[in-house]
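What's in target_25.tsv: TSV, C-alpha atoms
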```
chain	number	residue	atom	x	y	z
A	1	MET	CA	-7.22	-5.40	27.50
A	2	ALA	CA	-9.01	-8.27	29.07
A	3	GLY	CA	-10.57	-10.33	26.27
A	4	LYS	CA	-8.81	-13.23	24.55
A	5	TRP	CA	-9.94	-11.92	21.16
A	6	GLN	CA	-7.94	-8.76	21.82
A	7	GLN	CA	-4.70	-10.59	22.58
A	8	CYS	CA	-4.21	-11.94	19.07
A	9	GLY	CA	-1.54	-14.61	18.97
A	10	THR	CA	-2.06	-16.24	22.35
A	11	PHE	CA	-3.58	-19.56	21.34
A	12	GLY	CA	-0.72	-21.46	19.79
A	13	ASP	CA	-0.45	-23.10	16.42
A	14	ARG	CA	-3.72	-25.00	15.92
A	15	ALA	CA	-4.39	-26.44	12.50
A	16	ALA	CA	-7.10	-24.60	10.63
A	17	ILE	CA	-10.19	-26.61	9.84
A	18	ALA	CA	-12.89	-24.15	8.81
A	19	LEU	CA	-11.60	-22.25	5.84
A	20	PRO	CA	-13.08	-21.17	2.54
A	21	GLY	CA	-14.05	-24.33	0.70
A	22	GLN	CA	-15.50	-26.08	3.76
A	23	THR	CA	-19.20	-26.70	4.27
A	24	VAL	CA	-21.34	-24.44	6.43
A	25	GLN	CA	-21.75	-27.27	8.98
A	26	GLU	CA	-17.98	-27.79	9.19
A	27	ALA	CA	-17.47	-24.06	9.69
A	28	ILE	CA	-20.09	-23.86	12.45
A	29	ALA	CA	-18.49	-26.81	14.28
A	30	TRP	CA	-15.02	-25.26	13.96
A	31	ILE	CA	-16.21	-21.83	15.15
A	32	ARG	CA	-17.87	-23.40	18.20
A	33	ALA	CA	-14.68	-25.31	19.07
A	34	ASN	CA	-12.26	-22.42	18.42
A	35	PRO	CA	-10.93	-21.10	21.76
A	36	THR	CA	-10.23	-17.65	20.29
A	37	LEU	CA	-13.71	-17.13	18.87
A	38	GLN	CA	-15.80	-18.59	21.72
A	39	PRO	CA	-19.21	-17.82	20.20
A	40	ALA	CA	-22.13	-16.91	22.43
A	41	PRO	CA	-25.23	-19.11	22.41
A	42	GLY	CA	-27.06	-18.53	19.15
A	43	GLU	CA	-23.97	-17.36	17.24
A	44	SER	CA	-23.01	-19.62	14.38
A	45	LEU	CA	-21.28	-18.11	11.34
A	46	ARG	CA	-20.94	-14.64	12.88
A	47	VAL	CA	-19.25	-14.00	16.22
A	48	GLN	CA	-19.18	-10.57	17.86
A	49	LYS	CA	-17.21	-9.53	20.92
A	50	SER	CA	-17.05	-6.22	22.74
A	51	ASP	CA	-15.55	-5.20	26.05
A	52	THR	CA	-16.59	-1.54	25.65
A	53	ALA	CA	-18.34	0.56	23.03
A	54	ALA	CA	-14.87	1.71	21.95
A	55	ARG	CA	-13.57	-1.83	21.25
A	56	ARG	CA	-15.28	-4.43	19.11
A	57	PHE	CA	-14.32	-7.55	17.20
A	58	SER	CA	-16.24	-9.67	14.72
A	59	PHE	CA	-15.60	-12.82	12.77
A	60	GLU	CA	-17.88	-13.89	9.95
A	61	ALA	CA	-17.84	-16.90	7.66
A	62	SER	CA	-19.93	-16.44	4.53
A	63	THR	CA	-21.12	-18.40	1.53
A	64	GLN	CA	-20.76	-15.17	-0.47
A	65	PRO	CA	-17.48	-14.26	-2.14
A	66	PRO	CA	-15.71	-11.21	-0.70
A	67	GLY	CA	-17.02	-7.86	-1.82
A	68	ARG	CA	-19.98	-9.72	-3.30
A	69	ALA	CA	-17.83	-10.29	-6.40
A	70	GLY	CA	-19.72	-13.24	-7.80
A	71	ILE	CA	-22.44	-15.67	-6.85
A	72	GLY	CA	-22.32	-17.53	-3.57
A	73	GLY	CA	-24.42	-20.23	-2.05
A	74	ALA	CA	-24.37	-24.01	-2.30
A	75	GLY	CA	-23.58	-24.38	1.41
A	76	ILE	CA	-19.84	-23.83	0.90
A	77	ILE	CA	-17.91	-21.12	2.76
A	78	ARG	CA	-16.36	-18.69	0.26
A	79	SER	CA	-14.89	-16.07	2.60
A	80	GLU	CA	-14.14	-15.43	6.25
A	81	GLN	CA	-13.63	-11.93	7.63
A	82	ILE	CA	-11.97	-10.73	10.83
A	83	ALA	CA	-12.79	-7.12	11.73
A	84	PHE	CA	-11.70	-4.85	14.56
A	85	PHE	CA	-12.92	-1.47	15.77
A	86	ASP	CA	-10.69	0.00	18.46
A	87	MET	CA	-10.80	3.68	19.36
A	88	ILE	CA	-8.33	3.17	22.22
A	89	ASP	CA	-5.37	1.27	20.74
A	90	GLY	CA	-6.17	1.48	17.04
A	91	VAL	CA	-5.90	-1.29	14.46
A	92	THR	CA	-2.70	-2.11	12.60
A	93	ARG	CA	-1.63	-4.51	9.90
A	94	ASP	CA	0.41	-6.43	12.52
A	95	ARG	CA	-2.68	-6.81	14.68
A	96	LEU	CA	-4.68	-8.20	11.76
A	97	GLU	CA	-1.89	-10.63	10.89
A	98	SER	CA	-1.68	-11.69	14.53
A	99	ALA	CA	-5.44	-12.35	14.46
A	100	LEU	CA	-4.88	-14.75	11.55
A	101	ARG	CA	-2.46	-16.74	13.67
A	102	SER	CA	-4.71	-16.62	16.72
A	103	ILE	CA	-7.76	-17.85	14.87
A	104	TYR	CA	-6.31	-20.12	12.17
A	105	GLY	CA	-2.88	-21.13	13.40
A	106	VAL	CA	0.65	-20.60	12.13
A	107	GLU	CA	0.11	-22.30	8.74
A	108	ILE	CA	-2.39	-19.68	7.52
A	109	GLN	CA	-0.47	-16.81	9.11
A	110	GLN	CA	2.63	-17.96	7.21
A	111	ASP	CA	0.63	-18.32	3.98
A	112	PHE	CA	-0.34	-14.65	4.42
A	113	ALA	CA	3.22	-13.60	5.30
A	114	LEU	CA	4.50	-15.08	2.02
A	115	THR	CA	1.81	-13.60	-0.24
A	116	ARG	CA	2.37	-11.55	-3.35
A	117	LEU	CA	0.64	-8.19	-3.76
A	118	VAL	CA	-2.02	-8.32	-6.51
A	119	HIS	CA	-3.82	-4.97	-6.09
A	120	GLN	CA	-3.43	-1.99	-3.79
A	121	TYR	CA	-5.46	1.16	-3.22
A	122	PRO	CA	-5.38	4.04	-3.23
A	123	THR	CA	-3.18	4.12	-6.31
A	124	ALA	CA	-0.34	6.58	-6.75
A	125	VAL	CA	-2.57	8.60	-9.10
A	126	GLU	CA	-5.36	8.74	-6.50
A	127	LEU	CA	-2.89	9.84	-3.84
A	128	SER	CA	-1.54	12.53	-6.16
A	129	GLU	CA	-5.07	13.78	-6.87
A	130	ALA	CA	-5.81	13.90	-3.15
A	131	GLN	CA	-2.63	15.91	-2.59
A	132	ASN	CA	-3.59	18.36	-5.33
A	133	GLN	CA	-6.96	18.86	-3.66
A	134	ASN	CA	-5.29	19.31	-0.26
A	135	ALA	CA	-7.24	16.29	1.04
A	136	PRO	CA	-5.87	14.62	4.15
A	137	LEU	CA	-3.92	11.71	2.65
A	138	LEU	CA	-4.05	9.57	5.73
A	139	ALA	CA	-7.86	9.70	5.85
A	140	VAL	CA	-8.15	7.61	2.66
A	141	LEU	CA	-9.24	3.95	2.90
A	142	GLN	CA	-6.16	1.81	2.36
A	143	GLY	CA	-6.41	-1.73	1.08
A	144	GLU	CA	-4.65	-4.50	-0.67
A	145	LEU	CA	-5.37	-7.87	-2.19
A	146	ARG	CA	-2.72	-10.52	-1.74
A	147	GLU	CA	-2.35	-14.06	-3.07
A	148	GLY	CA	-0.82	-16.85	-1.04
A	149	ASP	CA	-0.20	-20.48	-1.91
A	150	ARG	CA	-3.45	-21.61	-0.26
A	151	PHE	CA	-5.73	-18.57	-0.07
A	152	ALA	CA	-6.21	-14.98	-1.12
A	153	TYR	CA	-6.39	-12.17	1.43
A	154	TRP	CA	-8.05	-8.75	1.44
A	155	LEU	CA	-6.72	-6.34	4.03
A	156	GLU	CA	-8.26	-2.91	4.68
A	157	LEU	CA	-7.41	-0.17	7.15
A	158	ALA	CA	-9.25	3.11	7.55
A	159	PRO	CA	-6.86	5.67	9.00
A	160	GLY	CA	-8.36	8.79	10.52
A	161	ARG	CA	-7.02	12.31	10.06
A	162	ASN	CA	-4.41	11.56	12.73
A	163	GLY	CA	-3.11	8.61	10.68
A	164	ILE	CA	-4.27	5.99	13.17
A	165	SER	CA	-6.75	3.37	11.98
A	166	GLN	CA	-9.61	2.70	14.33
A	167	THR	CA	-11.10	0.08	12.03
A	168	GLY	CA	-9.53	-2.67	10.03
A	169	ARG	CA	-10.36	-6.02	8.55
A	170	ILE	CA	-8.76	-8.97	6.88
A	171	THR	CA	-10.67	-11.43	4.74
A	172	VAL	CA	-9.48	-14.92	3.87
A	173	PHE	CA	-11.02	-16.22	0.67
A	174	ASP	CA	-10.81	-18.74	-2.14
A	175	LYS	CA	-8.16	-17.81	-4.72
A	176	ASN	CA	-10.70	-18.51	-7.48
A	177	ASP	CA	-12.54	-15.32	-6.41
A	178	LEU	CA	-9.45	-13.11	-6.58
A	179	ALA	CA	-9.71	-11.94	-10.22
A	180	SER	CA	-13.38	-10.99	-9.79
A	181	LEU	CA	-12.65	-8.96	-6.66
A	182	VAL	CA	-9.73	-7.15	-8.33
A	183	GLU	CA	-12.11	-6.20	-11.15
A	184	VAL	CA	-14.78	-4.94	-8.74
A	185	LEU	CA	-12.24	-2.84	-6.81
A	186	ARG	CA	-10.72	-1.34	-9.96
A	187	ASP	CA	-14.17	-0.34	-11.26
A	188	ARG	CA	-15.28	1.55	-8.16
```
Written as structure tokens, that's how I'd like the structure from this file.
Amino acid sequence: MAGKWQQCGTFGDRAAIALPGQTVQEAIAWIRANPTLQPAPGESLRVQKSDTAARRFSFEASTQPPGRAGIGGAGIIRSEQIAFFDMIDGVTRDRLESALRSIYGVEIQQDFALTRLVHQYPTAVELSEAQNQNAPLLAVLQGELREGDRFAYWLELAPGRNGISQTGRITVFDKNDLASLVEVLRDR
């Protein structure tokens, strides 16, 4: 793979500046200066990279809480999402965690590594129901919400029938939005 965005973990241990809680202007400045993201002209809060149709990456900072669980706005970043689509090598949890380090630095990657699990899906009951219906278990969207000391994290992988995820994302967000997102995910 040629692109820097695909080599997660190659840019050292920079301190994170643009994180949930920062202003939109601070986030735009940080995104522009981030050597991993390298936005194209005209990109500000959303950066997209692609070396082929089979491999894509996006980063998006938003004033909306994750999963639209609440009211956003006020010019403050509430969530930042890293997403991969890779039909060639697939997307793994390790790759998403490596992207955290690449983009935010070791401090945020360590905050994620020391998180506690708050919510996970599918539940054991949902898996059991899928088994009873002879549904392919590995084709079920798999996600978890985790709480760190500084931030909350939402990780999702979408394994195909072969068990390999071609898409995955990790969202860094304000811990104050965690309870609302858990409620939204439990109600769906």
Kindly assemble as JSON lines a list of the stretch 21-45 of chain A residues that lie within 10 Å of stretch 98-117 of chain A, each paired with its nearest atom pair and their distance in Å to one decimal, using all atoms listed in the file, sorted first by chain and then by ascending residue number.
```
{"residue": "A:Ile31", "atom": "CA", "partner": "A:Ile103", "partner_atom": "CA", "distance": 9.3}
{"residue": "A:Asn34", "atom": "CA", "partner": "A:Ile103", "partner_atom": "CA", "distance": 7.3}
{"residue": "A:Pro35", "atom": "CA", "partner": "A:Ile103", "partner_atom": "CA", "distance": 8.3}
{"residue": "A:Thr36", "atom": "CA", "partner": "A:Ile103", "partner_atom": "CA", "distance": 6.0}
{"residue": "A:Leu37", "atom": "CA", "partner": "A:Ile103", "partner_atom": "CA", "distance": 7.2}
```
For the residues selected in the previous step, produce a file with C-alpha atoms as a short mmCIF file (atom, residue, chain, number, x, y, z; two decimals), in the frame of the given file.
```cif
data_model
loop_
_atom_site.label_atom_id
_atom_site.label_comp_id
_atom_site.auth_asym_id
_atom_site.auth_seq_id
_atom_site.Cartn_x
_atom_site.Cartn_y
_atom_site.Cartn_z
CA ILE A 31 -16.21 -21.83 15.15
CA ASN A 34 -12.26 -22.42 18.42
CA PRO A 35 -10.93 -21.10 21.76
CA THR A 36 -10.23 -17.65 20.29
CA LEU A 37 -13.71 -17.13 18.87
#
```
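In this structure, atom CA of A:Ile28 sits 14.4 Å away from atom CA of A:Gln81.
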Atom CA of A:Val118 to atom CA of A:Ala158, straight-line distance in Å: 19.5 Å
For A:Gly90, the nearest of the candidates A:Gln48, A:Pro41, A:Arg56, A:Glu183, counting all atoms listed in the file: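 Smallest separation from A:Gly90 among the options: A:Arg56.
The interatomic distance for the pair atom CA of A:Phe59 and atom CA of A:Val172 works out to 11.0 Å.
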Among the residues A:Ala53, A:Ala29, A:Ala124, A:Ala152, the one that comes closest to A:Leu178 [using only C-alpha atoms]: A:Ala152
Selection near stretch 83-89 of chain A, 10 Å with all atoms listed in the file, sequence-local residues under 2 positions removed, as a count of residues only: 32
Among the residues A:Ile82, A:Tyr121, A:Leu141, A:Gly67, the one that comes closest to A:Ala179 [using all atoms listed in the file]: A:Gly67
Near-A:Gln120 list (8 Å; all atoms listed in the file; drop same-chain fewer than 6 positions) as a PDB file with C-alpha atoms, in the frame of the given file:
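This went into around.pdb:
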```pdb
ATOM      1  CA  GLN A 142      -6.160   1.810   2.360  1.00  0.00           C
ATOM      2  CA  GLY A 143      -6.410  -1.730   1.080  1.00  0.00           C
ATOM      3  CA  GLU A 144      -4.650  -4.500  -0.670  1.00  0.00           C
ATOM      4  CA  LEU A 145      -5.370  -7.870  -2.190  1.00  0.00           C
TER       5      LEU A 145
END
```
Kindly complete stretch 154-181 of chain A to N, CA and C atoms; the output should be written as a tab-separated table (two decimals), keeping the file's coordinate frame.
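So the final result, stored in out-v8.tsv, reads:
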```
chain	number	residue	atom	x	y	z
A	154	TRP	N	-7.67	-10.15	1.67
A	154	TRP	CA	-8.05	-8.75	1.44
A	154	TRP	C	-7.91	-8.03	2.76
A	155	LEU	N	-6.99	-7.10	2.82
A	155	LEU	CA	-6.72	-6.34	4.03
A	155	LEU	C	-7.15	-4.90	3.80
A	156	GLU	N	-7.86	-4.32	4.76
A	156	GLU	CA	-8.26	-2.91	4.68
A	156	GLU	C	-8.06	-2.24	6.03
A	157	LEU	N	-7.53	-1.03	5.97
A	157	LEU	CA	-7.41	-0.17	7.15
A	157	LEU	C	-8.00	1.18	6.80
A	158	ALA	N	-8.63	1.80	7.77
A	158	ALA	CA	-9.25	3.11	7.55
A	158	ALA	C	-8.65	4.12	8.50
A	159	PRO	N	-7.49	4.70	8.11
A	159	PRO	CA	-6.86	5.67	9.00
A	159	PRO	C	-7.68	6.95	9.11
A	160	GLY	N	-7.70	7.51	10.30
A	160	GLY	CA	-8.36	8.79	10.52
A	160	GLY	C	-7.41	9.92	10.15
A	161	ARG	N	-7.84	11.12	10.39
A	161	ARG	CA	-7.02	12.31	10.06
A	161	ARG	C	-5.69	12.32	10.81
A	162	ASN	N	-5.65	11.63	11.95
A	162	ASN	CA	-4.41	11.56	12.73
A	162	ASN	C	-3.49	10.44	12.25
A	163	GLY	N	-3.93	9.69	11.23
A	163	GLY	CA	-3.11	8.61	10.68
A	163	GLY	C	-3.28	7.27	11.36
A	164	ILE	N	-4.05	7.23	12.43
A	164	ILE	CA	-4.27	5.99	13.17
A	164	ILE	C	-5.59	5.36	12.71
A	165	SER	N	-5.54	4.09	12.39
A	165	SER	CA	-6.75	3.37	11.98
A	165	SER	C	-7.50	2.89	13.21
A	166	GLN	N	-8.77	3.21	13.25
A	166	GLN	CA	-9.61	2.70	14.33
A	166	GLN	C	-10.41	1.48	13.88
A	167	THR	N	-10.44	1.27	12.57
A	167	THR	CA	-11.10	0.08	12.03
A	167	THR	C	-10.17	-0.60	11.04
A	168	GLY	N	-10.30	-1.90	10.99
A	168	GLY	CA	-9.53	-2.67	10.03
A	168	GLY	C	-10.12	-4.05	9.90
A	169	ARG	N	-9.86	-4.67	8.77
A	169	ARG	CA	-10.36	-6.02	8.55
A	169	ARG	C	-9.43	-6.78	7.63
A	170	ILE	N	-9.48	-8.09	7.78
A	170	ILE	CA	-8.76	-8.97	6.88
A	170	ILE	C	-9.71	-10.11	6.52
A	171	THR	N	-9.78	-10.39	5.25
A	171	THR	CA	-10.67	-11.43	4.74
A	171	THR	C	-9.83	-12.52	4.09
A	172	VAL	N	-10.11	-13.75	4.46
A	172	VAL	CA	-9.48	-14.92	3.87
A	172	VAL	C	-10.49	-15.48	2.88
A	173	PHE	N	-10.06	-15.71	1.64
A	173	PHE	CA	-11.02	-16.22	0.67
A	173	PHE	C	-10.37	-17.11	-0.38
A	174	ASP	N	-11.23	-17.81	-1.10
A	174	ASP	CA	-10.81	-18.74	-2.14
A	174	ASP	C	-10.08	-17.98	-3.25
A	175	LYS	N	-8.94	-18.47	-3.66
A	175	LYS	CA	-8.16	-17.81	-4.72
A	175	LYS	C	-8.92	-17.71	-6.03
A	176	ASN	N	-9.90	-18.57	-6.25
A	176	ASN	CA	-10.70	-18.51	-7.48
A	176	ASN	C	-11.53	-17.23	-7.56
A	177	ASP	N	-11.76	-16.56	-6.44
A	177	ASP	CA	-12.54	-15.32	-6.41
A	177	ASP	C	-11.66	-14.07	-6.52
A	178	LEU	N	-10.37	-14.24	-6.59
A	178	LEU	CA	-9.45	-13.11	-6.58
A	178	LEU	C	-9.60	-12.20	-7.81
A	179	ALA	N	-9.62	-12.76	-8.99
A	179	ALA	CA	-9.71	-11.94	-10.22
A	179	ALA	C	-10.99	-11.13	-10.24
A	180	SER	N	-12.11	-11.72	-9.83
A	180	SER	CA	-13.38	-10.99	-9.79
A	180	SER	C	-13.33	-9.84	-8.81
A	181	LEU	N	-12.73	-10.03	-7.65
A	181	LEU	CA	-12.65	-8.96	-6.66
A	181	LEU	C	-11.74	-7.85	-7.13
```
